[in-house]
Amino acid sequence: MNFNKQILDITKGSRAMAMALGDDHISSYHFLLAVERHENSCATIFHSNNLSFNALYEALKKDIPTDLGNYYLTKELENTYLCSAYYAWVYRSRDIGIEHFILAMLTNKKSLAGQYLSNQLITYQSFKIECEKNNVWHAKILFEKLGQNSLFVLLRIPKLMSRMIRRYYL
């Protein structure tokens, strides 16, 4: 399973956002800010819910930008990348899209961007409903329920299943 072109563009935008904010790493916050700045269905959903990330941007802004050349992903963002493959598989998608990435953020209680979205009243269920309005998704119900259950996410069942899927089916 591959990431679609939008994910690759947003990943580049995340790096640019981290550089602009003076950070030496790329976190889920940078990814979220890059999602909002690109034309995509997730940004449309955020705008339709009157969600603005200006306060988040200002809170993350540093005085002196540093350019270290190599930027690393935080462990949290790395886990989100891995779990997004699981949600793409659950929703029977050929490519991993931004929607799958946001769903992975929302289910991961340790995800800073997921916590931020939850504080802004964007939940897994509300985001999924908005995505269903835009896309035709046919979920594998059992696996979707596993991915929504915080205990299973805490036990890393979706991550384990995602690795198994990659190993045996891709």
# chains A, B, ... in the order shown; residues from 1 in each chain; ligands from 1
>>> select_by_dssp(residues="range 54-136 of chain A", states="helix (DSSP H, G or I)", output="PDB file with C-alpha atoms, in the first residue's frame")
ATOM      1  CA  ASN A  54      -3.960  30.225  13.613  1.00  0.00           C
ATOM      2  CA  ALA A  55      -3.792  29.945  17.416  1.00  0.00           C
ATOM      3  CA  LEU A  56      -1.891  26.649  17.098  1.00  0.00           C
ATOM      4  CA  TYR A  57       0.523  28.226  14.635  1.00  0.00           C
ATOM      5  CA  GLU A  58       1.175  31.193  16.930  1.00  0.00           C
ATOM      6  CA  ALA A  59       1.659  28.907  19.950  1.00  0.00           C
ATOM      7  CA  LEU A  60       4.301  26.857  18.105  1.00  0.00           C
ATOM      8  CA  LYS A  75       7.844   8.808  17.386  1.00  0.00           C
ATOM      9  CA  GLU A  76       4.214   9.877  17.656  1.00  0.00           C
ATOM     10  CA  LEU A  77       4.082  10.932  13.994  1.00  0.00           C
ATOM     11  CA  GLU A  78       5.920   7.778  12.956  1.00  0.00           C
ATOM     12  CA  ASN A  79       3.291   5.641  14.734  1.00  0.00           C
ATOM     13  CA  THR A  80       0.557   7.623  13.010  1.00  0.00           C
ATOM     14  CA  TYR A  81       2.139   6.845   9.634  1.00  0.00           C
ATOM     15  CA  LEU A  82       2.141   3.143  10.487  1.00  0.00           C
ATOM     16  CA  CYS A  83      -1.447   3.106  11.764  1.00  0.00           C
ATOM     17  CA  SER A  84      -2.744   5.035   8.756  1.00  0.00           C
ATOM     18  CA  ALA A  85      -2.120   1.920   6.641  1.00  0.00           C
ATOM     19  CA  TYR A  86      -4.508   0.056   8.922  1.00  0.00           C
ATOM     20  CA  TYR A  87      -7.288   2.611   8.333  1.00  0.00           C
ATOM     21  CA  ALA A  88      -6.694   2.559   4.592  1.00  0.00           C
ATOM     22  CA  TRP A  89      -7.095  -1.216   4.729  1.00  0.00           C
ATOM     23  CA  VAL A  90     -10.224  -0.953   6.921  1.00  0.00           C
ATOM     24  CA  ILE A  98      -4.974  12.147   4.369  1.00  0.00           C
ATOM     25  CA  GLU A  99      -8.309  10.971   5.781  1.00  0.00           C
ATOM     26  CA  HIS A 100      -6.713   7.743   7.004  1.00  0.00           C
ATOM     27  CA  PHE A 101      -3.908   9.724   8.580  1.00  0.00           C
ATOM     28  CA  ILE A 102      -6.322  12.006  10.459  1.00  0.00           C
ATOM     29  CA  LEU A 103      -8.332   8.983  11.642  1.00  0.00           C
ATOM     30  CA  ALA A 104      -5.108   7.459  12.995  1.00  0.00           C
ATOM     31  CA  MET A 105      -4.368  10.719  14.830  1.00  0.00           C
ATOM     32  CA  LEU A 106      -7.845  10.853  16.328  1.00  0.00           C
ATOM     33  CA  THR A 107      -7.683   7.318  17.718  1.00  0.00           C
ATOM     34  CA  LEU A 112      -0.798  15.816  20.168  1.00  0.00           C
ATOM     35  CA  ALA A 113      -2.636  16.780  17.000  1.00  0.00           C
ATOM     36  CA  GLY A 114      -5.364  14.248  17.802  1.00  0.00           C
ATOM     37  CA  GLN A 115      -5.759  15.804  21.247  1.00  0.00           C
ATOM     38  CA  TYR A 116      -5.909  19.255  19.670  1.00  0.00           C
ATOM     39  CA  LEU A 117      -8.628  18.131  17.241  1.00  0.00           C
ATOM     40  CA  SER A 118     -10.571  16.503  20.094  1.00  0.00           C
ATOM     41  CA  ASN A 119     -10.408  19.774  22.033  1.00  0.00           C
ATOM     42  CA  TYR A 124     -13.293  10.038  15.144  1.00  0.00           C
ATOM     43  CA  GLN A 125     -17.002   9.547  14.521  1.00  0.00           C
ATOM     44  CA  SER A 126     -17.720  13.128  13.438  1.00  0.00           C
ATOM     45  CA  PHE A 127     -14.720  13.152  11.101  1.00  0.00           C
ATOM     46  CA  LYS A 128     -15.692   9.782   9.645  1.00  0.00           C
ATOM     47  CA  ILE A 129     -19.245  11.022   8.986  1.00  0.00           C
ATOM     48  CA  GLU A 130     -17.900  14.114   7.212  1.00  0.00           C
ATOM     49  CA  CYS A 131     -15.594  11.928   5.106  1.00  0.00           C
ATOM     50  CA  GLU A 132     -18.492   9.640   4.214  1.00  0.00           C
ATOM     51  CA  LYS A 133     -20.371  12.650   2.857  1.00  0.00           C
ATOM     52  CA  ASN A 134     -17.472  13.303   0.474  1.00  0.00           C
TER      53      ASN A 134
END
>>> select_by_dssp(residues="range 10-89 of chain A", states="strand (DSSP E)", output="JSON, numbers by chain")
{"A": [25, 26, 72, 73]}
>>> closest_atom_pairs(of="range 67-122 of chain A", to="range 46-51 of chain A", cutoff="10 Å", atoms="only C-alpha atoms", output="JSON lines")
{"residue": "A:Leu117", "atom": "CA", "partner": "A:Leu51", "partner_atom": "CA", "distance": 9.0}
{"residue": "A:Gln120", "atom": "CA", "partner": "A:Leu51", "partner_atom": "CA", "distance": 7.3}
{"residue": "A:Leu121", "atom": "CA", "partner": "A:Asn49", "partner_atom": "CA", "distance": 9.2}
{"residue": "A:Ile122", "atom": "CA", "partner": "A:Asn49", "partner_atom": "CA", "distance": 8.6}
>>> atom_distance(atom1="CA of Phe152 in chain A", atom2="CA of Ser93 in chain A")
22.0 Å
>>> closest_residue(among="A:Ser14, A:Asn2, A:Ser52, A:Ser162", to="Val35 in chain A", atoms="only C-alpha atoms")
A:Ser14
>>> residues_around(residues="Ile26 in chain A", least_positions_apart="2", cutoff="9 Å", atoms="only C-alpha atoms", output="short mmCIF file (atom, residue, chain, number, x, y, z; two decimals) with N, CA and C atoms, in the first residue's frame")
data_model
loop_
_atom_site.label_atom_id
_atom_site.label_comp_id
_atom_site.auth_asym_id
_atom_site.auth_seq_id
_atom_site.Cartn_x
_atom_site.Cartn_y
_atom_site.Cartn_z
N THR A 11 3.65 16.00 3.53
CA THR A 11 4.85 15.68 4.30
C THR A 11 5.94 16.70 4.01
N SER A 14 4.99 19.75 5.77
CA SER A 14 5.24 19.62 7.21
C SER A 14 6.67 19.99 7.54
N ARG A 15 7.58 19.56 6.70
CA ARG A 15 9.00 19.90 6.91
C ARG A 15 9.19 21.41 6.78
N MET A 17 6.95 23.65 7.29
CA MET A 17 6.28 24.26 8.44
C MET A 17 7.19 24.18 9.67
N ALA A 18 7.84 23.04 9.88
CA ALA A 18 8.76 22.89 11.01
C ALA A 18 9.92 23.88 10.88
N MET A 19 10.42 24.05 9.67
CA MET A 19 11.52 25.00 9.45
C MET A 19 11.04 26.42 9.74
N ASP A 23 11.57 24.67 14.50
CA ASP A 23 11.71 23.39 15.17
C ASP A 23 12.73 22.52 14.45
N ASP A 24 13.31 21.57 15.18
CA ASP A 24 14.29 20.67 14.58
C ASP A 24 13.70 19.28 14.32
N SER A 28 3.19 15.88 14.70
CA SER A 28 1.83 15.81 14.16
C SER A 28 1.21 17.21 14.05
N TYR A 29 1.65 18.14 14.89
CA TYR A 29 1.17 19.52 14.77
C TYR A 29 1.57 20.11 13.42
N HIS A 30 2.82 19.89 13.02
CA HIS A 30 3.28 20.40 11.73
C HIS A 30 2.49 19.79 10.59
N PHE A 31 2.21 18.49 10.72
CA PHE A 31 1.43 17.80 9.69
C PHE A 31 0.03 18.41 9.61
N TYR A 71 15.66 16.75 9.26
CA TYR A 71 14.55 16.83 10.19
C TYR A 71 14.04 15.41 10.42
N TYR A 72 13.82 15.05 11.64
CA TYR A 72 13.33 13.72 11.94
C TYR A 72 11.87 13.78 12.35
N LEU A 73 11.18 12.67 12.15
CA LEU A 73 9.80 12.57 12.58
C LEU A 73 9.78 12.18 14.05
N THR A 74 8.84 12.75 14.79
CA THR A 74 8.69 12.31 16.18
C THR A 74 8.13 10.90 16.18
N LEU A 77 4.43 10.80 15.40
CA LEU A 77 4.08 10.93 13.99
C LEU A 77 4.44 9.66 13.22
#
>>> decode(residues="range 91-114 of chain A", atoms="N, CA and C atoms", output="tab-separated table (two decimals), in the first residue's frame")
chain	number	residue	atom	x	y	z
A	91	TYR	N	-10.91	0.77	5.36
A	91	TYR	CA	-11.84	1.44	4.45
A	91	TYR	C	-11.63	1.05	2.99
A	92	ARG	N	-10.93	-0.04	2.77
A	92	ARG	CA	-10.75	-0.66	1.46
A	92	ARG	C	-10.22	0.30	0.40
A	93	SER	N	-9.23	1.06	0.79
A	93	SER	CA	-8.62	2.01	-0.11
A	93	SER	C	-7.32	1.43	-0.66
A	94	ARG	N	-7.02	1.74	-1.90
A	94	ARG	CA	-5.78	1.25	-2.51
A	94	ARG	C	-4.58	2.06	-2.03
A	95	ASP	N	-4.81	3.34	-1.75
A	95	ASP	CA	-3.75	4.22	-1.30
A	95	ASP	C	-4.07	4.75	0.09
A	96	ILE	N	-3.03	5.12	0.81
A	96	ILE	CA	-3.20	5.74	2.12
A	96	ILE	C	-3.41	7.23	1.88
A	97	GLY	N	-4.54	7.74	2.32
A	97	GLY	CA	-4.88	9.14	2.11
A	97	GLY	C	-4.80	9.95	3.39
A	98	ILE	N	-5.01	11.23	3.24
A	98	ILE	CA	-4.97	12.15	4.37
A	98	ILE	C	-6.05	11.78	5.39
A	99	GLU	N	-7.22	11.34	4.89
A	99	GLU	CA	-8.31	10.97	5.78
A	99	GLU	C	-7.89	9.85	6.72
A	100	HIS	N	-7.17	8.87	6.19
A	100	HIS	CA	-6.71	7.74	7.00
A	100	HIS	C	-5.71	8.22	8.05
A	101	PHE	N	-4.90	9.18	7.66
A	101	PHE	CA	-3.91	9.72	8.58
A	101	PHE	C	-4.59	10.47	9.74
A	102	ILE	N	-5.59	11.26	9.42
A	102	ILE	CA	-6.32	12.01	10.46
A	102	ILE	C	-7.07	11.04	11.37
A	103	LEU	N	-7.66	9.99	10.81
A	103	LEU	CA	-8.33	8.98	11.64
A	103	LEU	C	-7.34	8.33	12.60
A	104	ALA	N	-6.13	8.05	12.12
A	104	ALA	CA	-5.11	7.46	12.99
A	104	ALA	C	-4.73	8.43	14.11
A	105	MET	N	-4.67	9.72	13.80
A	105	MET	CA	-4.37	10.72	14.83
A	105	MET	C	-5.47	10.77	15.88
A	106	LEU	N	-6.71	10.72	15.41
A	106	LEU	CA	-7.84	10.85	16.33
A	106	LEU	C	-7.98	9.66	17.27
A	107	THR	N	-7.56	8.49	16.85
A	107	THR	CA	-7.68	7.32	17.72
A	107	THR	C	-6.50	7.17	18.66
A	108	ASN	N	-5.39	7.77	18.32
A	108	ASN	CA	-4.21	7.68	19.17
A	108	ASN	C	-4.30	8.76	20.25
A	109	LYS	N	-4.55	8.35	21.48
A	109	LYS	CA	-4.72	9.30	22.59
A	109	LYS	C	-3.43	10.04	22.91
A	110	LYS	N	-2.29	9.53	22.48
A	110	LYS	CA	-1.01	10.19	22.73
A	110	LYS	C	-0.66	11.20	21.63
A	111	SER	N	-1.43	11.20	20.56
A	111	SER	CA	-1.17	12.11	19.45
A	111	SER	C	-1.53	13.54	19.86
A	112	LEU	N	-0.55	14.42	19.78
A	112	LEU	CA	-0.80	15.82	20.17
A	112	LEU	C	-1.81	16.48	19.23
A	113	ALA	N	-1.69	16.21	17.96
A	113	ALA	CA	-2.64	16.78	17.00
A	113	ALA	C	-4.02	16.18	17.20
A	114	GLY	N	-4.08	14.88	17.51
A	114	GLY	CA	-5.36	14.25	17.80
A	114	GLY	C	-6.03	14.85	19.02
